[in-house]
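A.B. asks: What follows is a single structure, and I will ask about it in a moment.
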Amino acid sequence: MLSPTVQKLADFFAKFPTVGPRTARRFAFYLIKSDQNEINSLIEAIENLKSKIRLCNLCNKSYESDEQTSGLCAICSDTRRDKTVICVVEKELDLEAIEKTGRFKGLYFIWETNNEEQQFKKLFGRVRKDQIKEIILALDPTPEGRQLALKIQRNLDTGIKITRLGQGLPVGGEIEYADEETITSALEGRK
């Protein structure tokens with residue numbers, strides 16, 4: 001049986017995506033055996049995460065904030081990007097996977113699942129304000145991803161081209177685990 005302190009830490013780690021109870025306990029025991037400098041570095045990294053990281057006002061991507069930033073991440077503030085095309089993804093790891101290919105030159109919108117109504121307002125406001133010509137629905141080919149794609153398609157104004165990633169991504173798979181070639185093929189073959 002774990003002590004209450006270790007159990008509390010393991011319970012916290014178990015809340016992380018893909019971390020089960022056994023892995024969470026391993027993390028806790030790793031920290032028990034770590035020296036104080038390593039613990040202090042971890043605490044500092046977590047504190048910096050909350051004090052320095054912001055979410056982009058346009059796309060919801062995280063970025064490191066300083067006093068010069070305009071509330072936009074590096075992608076949204078890049079004048080070379082095509083501002084008439086938005087790629088909607090479910091999570092930031094999906095955005096990173098697509099960016100890694102170097103093939104997509106538009107902007108993004110990370111769909112935050114915790115407040116669907118607010119996300120619709122934010123996305124549709126951008127569509128109207130920025131004269132968007134195409135929305136690429138780069139959502140995971142899971143039942144939830146397909147359902148979200150249908151909701152977005154049904155609620156968007158007509159006249160905007162709506163495409164989905166083409167073949168290459170396996171049904172039931174997740175974009176963040178796909179390799180660069182697969183994502184490139186999916187982007188090029190979008191419908």
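Order determines the names: the first chain of the structure tokens is A, the second B, and so forth; residues in each chain are numbered 1 upward, and ligands are numbered 1 upward as they are shown.
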Quick check for you: according to DSSP on this backbone, which residues of region 90-135 of chain A are classed as strand (DSSP E or B)? Reply as a list in words.
C.D. replies: Gly106, Leu107, Tyr108, Phe109, Ile110, Glu134 and Ile135 of chain A
A.B. asks: Show which residues sit within 12 Å of Ile135 (chain A), as a VMD selection string. Count only C-alpha atoms, and ignore same-chain residues fewer than 6 positions away.
C.D. replies: chain A and resid 82 to 89 106 to 109 123 to 124 126 to 127 149 152 to 153 156 to 165 190 to 191
A.B. asks: Go ahead and write the selection's residues with N, CA and C atoms as a PDB file, in the first residue's frame.
C.D. replies:
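Below is the file selection_37.pdb, written as the result:
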```
ATOM      1  N   ASP A  82      -0.819  31.745 -45.731  1.00  0.00           N
ATOM      2  CA  ASP A  82      -2.071  32.012 -46.426  1.00  0.00           C
ATOM      3  C   ASP A  82      -3.183  32.153 -45.391  1.00  0.00           C
ATOM      4  N   LYS A  83      -3.660  33.358 -45.190  1.00  0.00           N
ATOM      5  CA  LYS A  83      -4.654  33.638 -44.152  1.00  0.00           C
ATOM      6  C   LYS A  83      -6.079  33.327 -44.596  1.00  0.00           C
ATOM      7  N   THR A  84      -6.242  32.817 -45.818  1.00  0.00           N
ATOM      8  CA  THR A  84      -7.581  32.476 -46.300  1.00  0.00           C
ATOM      9  C   THR A  84      -7.896  30.988 -46.131  1.00  0.00           C
ATOM     10  N   VAL A  85      -6.936  30.217 -45.604  1.00  0.00           N
ATOM     11  CA  VAL A  85      -7.131  28.774 -45.403  1.00  0.00           C
ATOM     12  C   VAL A  85      -6.886  28.448 -43.932  1.00  0.00           C
ATOM     13  N   ILE A  86      -7.861  27.775 -43.322  1.00  0.00           N
ATOM     14  CA  ILE A  86      -7.734  27.349 -41.929  1.00  0.00           C
ATOM     15  C   ILE A  86      -7.803  25.831 -41.873  1.00  0.00           C
ATOM     16  N   CYS A  87      -6.866  25.255 -41.160  1.00  0.00           N
ATOM     17  CA  CYS A  87      -6.841  23.817 -40.917  1.00  0.00           C
ATOM     18  C   CYS A  87      -7.310  23.587 -39.473  1.00  0.00           C
ATOM     19  N   VAL A  88      -8.444  22.924 -39.304  1.00  0.00           N
ATOM     20  CA  VAL A  88      -8.997  22.663 -37.972  1.00  0.00           C
ATOM     21  C   VAL A  88      -8.464  21.323 -37.480  1.00  0.00           C
ATOM     22  N   VAL A  89      -7.821  21.344 -36.309  1.00  0.00           N
ATOM     23  CA  VAL A  89      -7.283  20.121 -35.692  1.00  0.00           C
ATOM     24  C   VAL A  89      -7.868  19.980 -34.290  1.00  0.00           C
ATOM     25  N   GLY A 106      -1.119  27.482 -44.585  1.00  0.00           N
ATOM     26  CA  GLY A 106      -2.226  28.292 -44.089  1.00  0.00           C
ATOM     27  C   GLY A 106      -2.134  28.465 -42.581  1.00  0.00           C
ATOM     28  N   LEU A 107      -3.274  28.773 -41.970  1.00  0.00           N
ATOM     29  CA  LEU A 107      -3.364  28.952 -40.532  1.00  0.00           C
ATOM     30  C   LEU A 107      -4.123  27.780 -39.909  1.00  0.00           C
ATOM     31  N   TYR A 108      -4.172  27.755 -38.605  1.00  0.00           N
ATOM     32  CA  TYR A 108      -4.794  26.638 -37.882  1.00  0.00           C
ATOM     33  C   TYR A 108      -5.873  27.129 -36.943  1.00  0.00           C
ATOM     34  N   PHE A 109      -6.660  26.169 -36.492  1.00  0.00           N
ATOM     35  CA  PHE A 109      -7.598  26.376 -35.397  1.00  0.00           C
ATOM     36  C   PHE A 109      -7.633  25.078 -34.600  1.00  0.00           C
ATOM     37  N   LEU A 123     -14.546  30.095 -34.218  1.00  0.00           N
ATOM     38  CA  LEU A 123     -14.190  29.677 -35.581  1.00  0.00           C
ATOM     39  C   LEU A 123     -15.022  30.429 -36.609  1.00  0.00           C
ATOM     40  N   PHE A 124     -16.330  30.490 -36.404  1.00  0.00           N
ATOM     41  CA  PHE A 124     -17.193  31.138 -37.383  1.00  0.00           C
ATOM     42  C   PHE A 124     -16.952  32.644 -37.430  1.00  0.00           C
ATOM     43  N   ARG A 126     -14.035  34.000 -37.049  1.00  0.00           N
ATOM     44  CA  ARG A 126     -12.821  34.108 -37.882  1.00  0.00           C
ATOM     45  C   ARG A 126     -13.151  33.946 -39.347  1.00  0.00           C
ATOM     46  N   VAL A 127     -14.032  33.016 -39.653  1.00  0.00           N
ATOM     47  CA  VAL A 127     -14.403  32.762 -41.049  1.00  0.00           C
ATOM     48  C   VAL A 127     -15.010  34.023 -41.659  1.00  0.00           C
ATOM     49  N   ALA A 149     -16.638  16.875 -37.425  1.00  0.00           N
ATOM     50  CA  ALA A 149     -16.555  17.349 -38.810  1.00  0.00           C
ATOM     51  C   ALA A 149     -17.947  17.607 -39.378  1.00  0.00           C
ATOM     52  N   ILE A 152     -19.414  20.831 -37.854  1.00  0.00           N
ATOM     53  CA  ILE A 152     -18.802  22.033 -38.427  1.00  0.00           C
ATOM     54  C   ILE A 152     -19.355  22.264 -39.831  1.00  0.00           C
ATOM     55  N   GLN A 153     -19.421  21.210 -40.643  1.00  0.00           N
ATOM     56  CA  GLN A 153     -19.920  21.340 -42.011  1.00  0.00           C
ATOM     57  C   GLN A 153     -21.367  21.832 -42.032  1.00  0.00           C
ATOM     58  N   LEU A 156     -21.513  25.762 -40.926  1.00  0.00           N
ATOM     59  CA  LEU A 156     -20.741  26.793 -41.638  1.00  0.00           C
ATOM     60  C   LEU A 156     -21.544  27.422 -42.755  1.00  0.00           C
ATOM     61  N   ASP A 157     -21.238  28.676 -43.024  1.00  0.00           N
ATOM     62  CA  ASP A 157     -21.874  29.367 -44.137  1.00  0.00           C
ATOM     63  C   ASP A 157     -21.531  28.666 -45.448  1.00  0.00           C
ATOM     64  N   THR A 158     -22.475  28.668 -46.372  1.00  0.00           N
ATOM     65  CA  THR A 158     -22.188  28.106 -47.684  1.00  0.00           C
ATOM     66  C   THR A 158     -21.265  29.045 -48.440  1.00  0.00           C
ATOM     67  N   GLY A 159     -20.645  28.543 -49.452  1.00  0.00           N
ATOM     68  CA  GLY A 159     -19.731  29.349 -50.239  1.00  0.00           C
ATOM     69  C   GLY A 159     -18.284  29.187 -49.803  1.00  0.00           C
ATOM     70  N   ILE A 160     -18.066  28.524 -48.703  1.00  0.00           N
ATOM     71  CA  ILE A 160     -16.705  28.265 -48.241  1.00  0.00           C
ATOM     72  C   ILE A 160     -16.377  26.818 -48.557  1.00  0.00           C
ATOM     73  N   LYS A 161     -15.252  26.630 -49.187  1.00  0.00           N
ATOM     74  CA  LYS A 161     -14.821  25.277 -49.523  1.00  0.00           C
ATOM     75  C   LYS A 161     -14.423  24.546 -48.235  1.00  0.00           C
ATOM     76  N   ILE A 162     -15.033  23.384 -48.021  1.00  0.00           N
ATOM     77  CA  ILE A 162     -14.710  22.578 -46.844  1.00  0.00           C
ATOM     78  C   ILE A 162     -14.129  21.258 -47.342  1.00  0.00           C
ATOM     79  N   THR A 163     -12.902  20.983 -46.895  1.00  0.00           N
ATOM     80  CA  THR A 163     -12.251  19.740 -47.303  1.00  0.00           C
ATOM     81  C   THR A 163     -11.859  18.951 -46.064  1.00  0.00           C
ATOM     82  N   ARG A 164     -11.623  17.680 -46.283  1.00  0.00           N
ATOM     83  CA  ARG A 164     -11.139  16.812 -45.209  1.00  0.00           C
ATOM     84  C   ARG A 164      -9.860  16.172 -45.705  1.00  0.00           C
ATOM     85  N   LEU A 165      -9.039  15.732 -44.766  1.00  0.00           N
ATOM     86  CA  LEU A 165      -7.803  15.080 -45.169  1.00  0.00           C
ATOM     87  C   LEU A 165      -8.137  13.847 -45.995  1.00  0.00           C
ATOM     88  N   ARG A 190      -6.629  15.573 -49.972  1.00  0.00           N
ATOM     89  CA  ARG A 190      -7.842  15.975 -49.271  1.00  0.00           C
ATOM     90  C   ARG A 190      -8.983  16.208 -50.261  1.00  0.00           C
ATOM     91  N   LYS A 191     -10.197  16.005 -49.757  1.00  0.00           N
ATOM     92  CA  LYS A 191     -11.387  16.126 -50.622  1.00  0.00           C
ATOM     93  C   LYS A 191     -12.212  17.304 -50.182  1.00  0.00           C
TER      94      LYS A 191
END
```
A.B. asks: Would you list the contacts of region 41-54 of chain A as a list in words, taking every protein, DNA or RNA residue within 6 Å and counting only C-alpha atoms, but skipping same-chain residues closer than 4 positions in sequence?
C.D. replies: Ser62, Tyr63, Glu64 and Ser65 of chain A
A.B. asks: Mind the document's chain letters and residue numbers, and return as a PyMOL selection string the residues of region 119-160 of chain A that DSSP labels alpha helix (DSSP H).
C.D. replies: chain A and resi 119-129+143-155
A.B. asks: Only C-alpha atoms, please: the residues just picked out, written as a PDB file, in the first residue's frame.
C.D. replies:
```
ATOM      1  CA  GLN A 119     -15.400  27.131 -30.264  1.00  0.00           C
ATOM      2  CA  PHE A 120     -18.117  27.412 -32.919  1.00  0.00           C
ATOM      3  CA  LYS A 121     -18.454  31.148 -32.235  1.00  0.00           C
ATOM      4  CA  LYS A 122     -14.699  31.679 -32.356  1.00  0.00           C
ATOM      5  CA  LEU A 123     -14.190  29.677 -35.581  1.00  0.00           C
ATOM      6  CA  PHE A 124     -17.193  31.138 -37.383  1.00  0.00           C
ATOM      7  CA  GLY A 125     -16.220  34.659 -36.298  1.00  0.00           C
ATOM      8  CA  ARG A 126     -12.821  34.108 -37.882  1.00  0.00           C
ATOM      9  CA  VAL A 127     -14.403  32.762 -41.049  1.00  0.00           C
ATOM     10  CA  ARG A 128     -16.547  35.873 -41.462  1.00  0.00           C
ATOM     11  CA  LYS A 129     -13.926  38.406 -40.387  1.00  0.00           C
ATOM     12  CA  PRO A 143     -16.249   8.467 -34.473  1.00  0.00           C
ATOM     13  CA  GLU A 144     -15.796  11.645 -32.387  1.00  0.00           C
ATOM     14  CA  GLY A 145     -13.699  13.305 -35.097  1.00  0.00           C
ATOM     15  CA  ARG A 146     -16.217  12.409 -37.812  1.00  0.00           C
ATOM     16  CA  GLN A 147     -19.087  13.714 -35.660  1.00  0.00           C
ATOM     17  CA  LEU A 148     -17.288  17.026 -35.072  1.00  0.00           C
ATOM     18  CA  ALA A 149     -16.555  17.349 -38.810  1.00  0.00           C
ATOM     19  CA  LEU A 150     -20.248  16.900 -39.598  1.00  0.00           C
ATOM     20  CA  LYS A 151     -21.260  19.517 -36.998  1.00  0.00           C
ATOM     21  CA  ILE A 152     -18.802  22.033 -38.427  1.00  0.00           C
ATOM     22  CA  GLN A 153     -19.920  21.340 -42.011  1.00  0.00           C
ATOM     23  CA  ARG A 154     -23.610  21.701 -41.109  1.00  0.00           C
ATOM     24  CA  ASN A 155     -23.124  24.985 -39.272  1.00  0.00           C
TER      25      ASN A 155
END
```
A.B. asks: Rank nothing, just name the residue among A:Asp179, A:Arg26, A:Cys59, A:Asp66 nearest to Ala14 (chain A), using only C-alpha atoms.
C.D. replies: A:Arg26
A.B. asks: Can you pull out every residue within 12 Å of Glu188 (chain A), counting only C-alpha atoms, but drop anything in the same chain fewer than 2 positions away, and send it as a ChimeraX atom specification?
C.D. replies: /A:98,101,103-104,136,163-168,181-186,190-191
A.B. asks: Selection from above, C-alpha atoms, as a PDB file, in the first residue's frame, can you write it?
C.D. replies:
```
ATOM      1  CA  ILE A  98       1.171  18.698 -39.845  1.00  0.00           C
ATOM      2  CA  THR A 101       5.716  18.114 -43.052  1.00  0.00           C
ATOM      3  CA  ARG A 103       3.606  21.395 -46.743  1.00  0.00           C
ATOM      4  CA  PHE A 104       0.759  23.361 -45.198  1.00  0.00           C
ATOM      5  CA  ILE A 136      -9.554  21.833 -43.963  1.00  0.00           C
ATOM      6  CA  THR A 163     -12.251  19.740 -47.303  1.00  0.00           C
ATOM      7  CA  ARG A 164     -11.139  16.812 -45.209  1.00  0.00           C
ATOM      8  CA  LEU A 165      -7.803  15.080 -45.169  1.00  0.00           C
ATOM      9  CA  GLY A 166      -7.537  12.496 -47.893  1.00  0.00           C
ATOM     10  CA  GLN A 167      -6.452   8.922 -47.783  1.00  0.00           C
ATOM     11  CA  GLY A 168      -3.417   7.914 -45.875  1.00  0.00           C
ATOM     12  CA  GLU A 181       4.779  10.873 -45.480  1.00  0.00           C
ATOM     13  CA  THR A 182       1.336   9.730 -44.393  1.00  0.00           C
ATOM     14  CA  ILE A 183       0.339  13.237 -43.343  1.00  0.00           C
ATOM     15  CA  THR A 184       1.729  14.711 -46.576  1.00  0.00           C
ATOM     16  CA  SER A 185      -0.274  12.187 -48.610  1.00  0.00           C
ATOM     17  CA  ALA A 186      -3.399  12.988 -46.609  1.00  0.00           C
ATOM     18  CA  ARG A 190      -7.842  15.975 -49.271  1.00  0.00           C
ATOM     19  CA  LYS A 191     -11.387  16.126 -50.622  1.00  0.00           C
TER      20      LYS A 191
END
```
A.B. asks: With only C-alpha atoms as the basis for distance, which of A:Val19, A:Asn115, A:Pro170, A:Glu90 is at the shortest distance from Pro141 (chain A)?
C.D. replies: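 Answer, going by the shortest atom-to-atom distance: A:Pro170.
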A.B. asks: With only C-alpha atoms as the atoms that count, which of A:Phe12, A:Tyr177, A:Phe29, A:Trp111 lies nearest to Glu96 (chain A)?
C.D. replies: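 Among the listed residues, A:Tyr177 lies closest to Glu96 (chain A).
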A.B. asks: Could you state the separation of CA of Leu72 (chain A) and CA of Asn114 (chain A) in Å, given to one decimal place?
C.D. replies: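 Between these atoms lies a distance of 21.2 Å.
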A.B. asks: Give me the residues within 6 Å of Ala24 (chain A) as number ranges by chain, counting only C-alpha atoms and dropping any in the same chain fewer than 2 places off.
C.D. replies: A: 10, 13-14, 21-22, 26-27
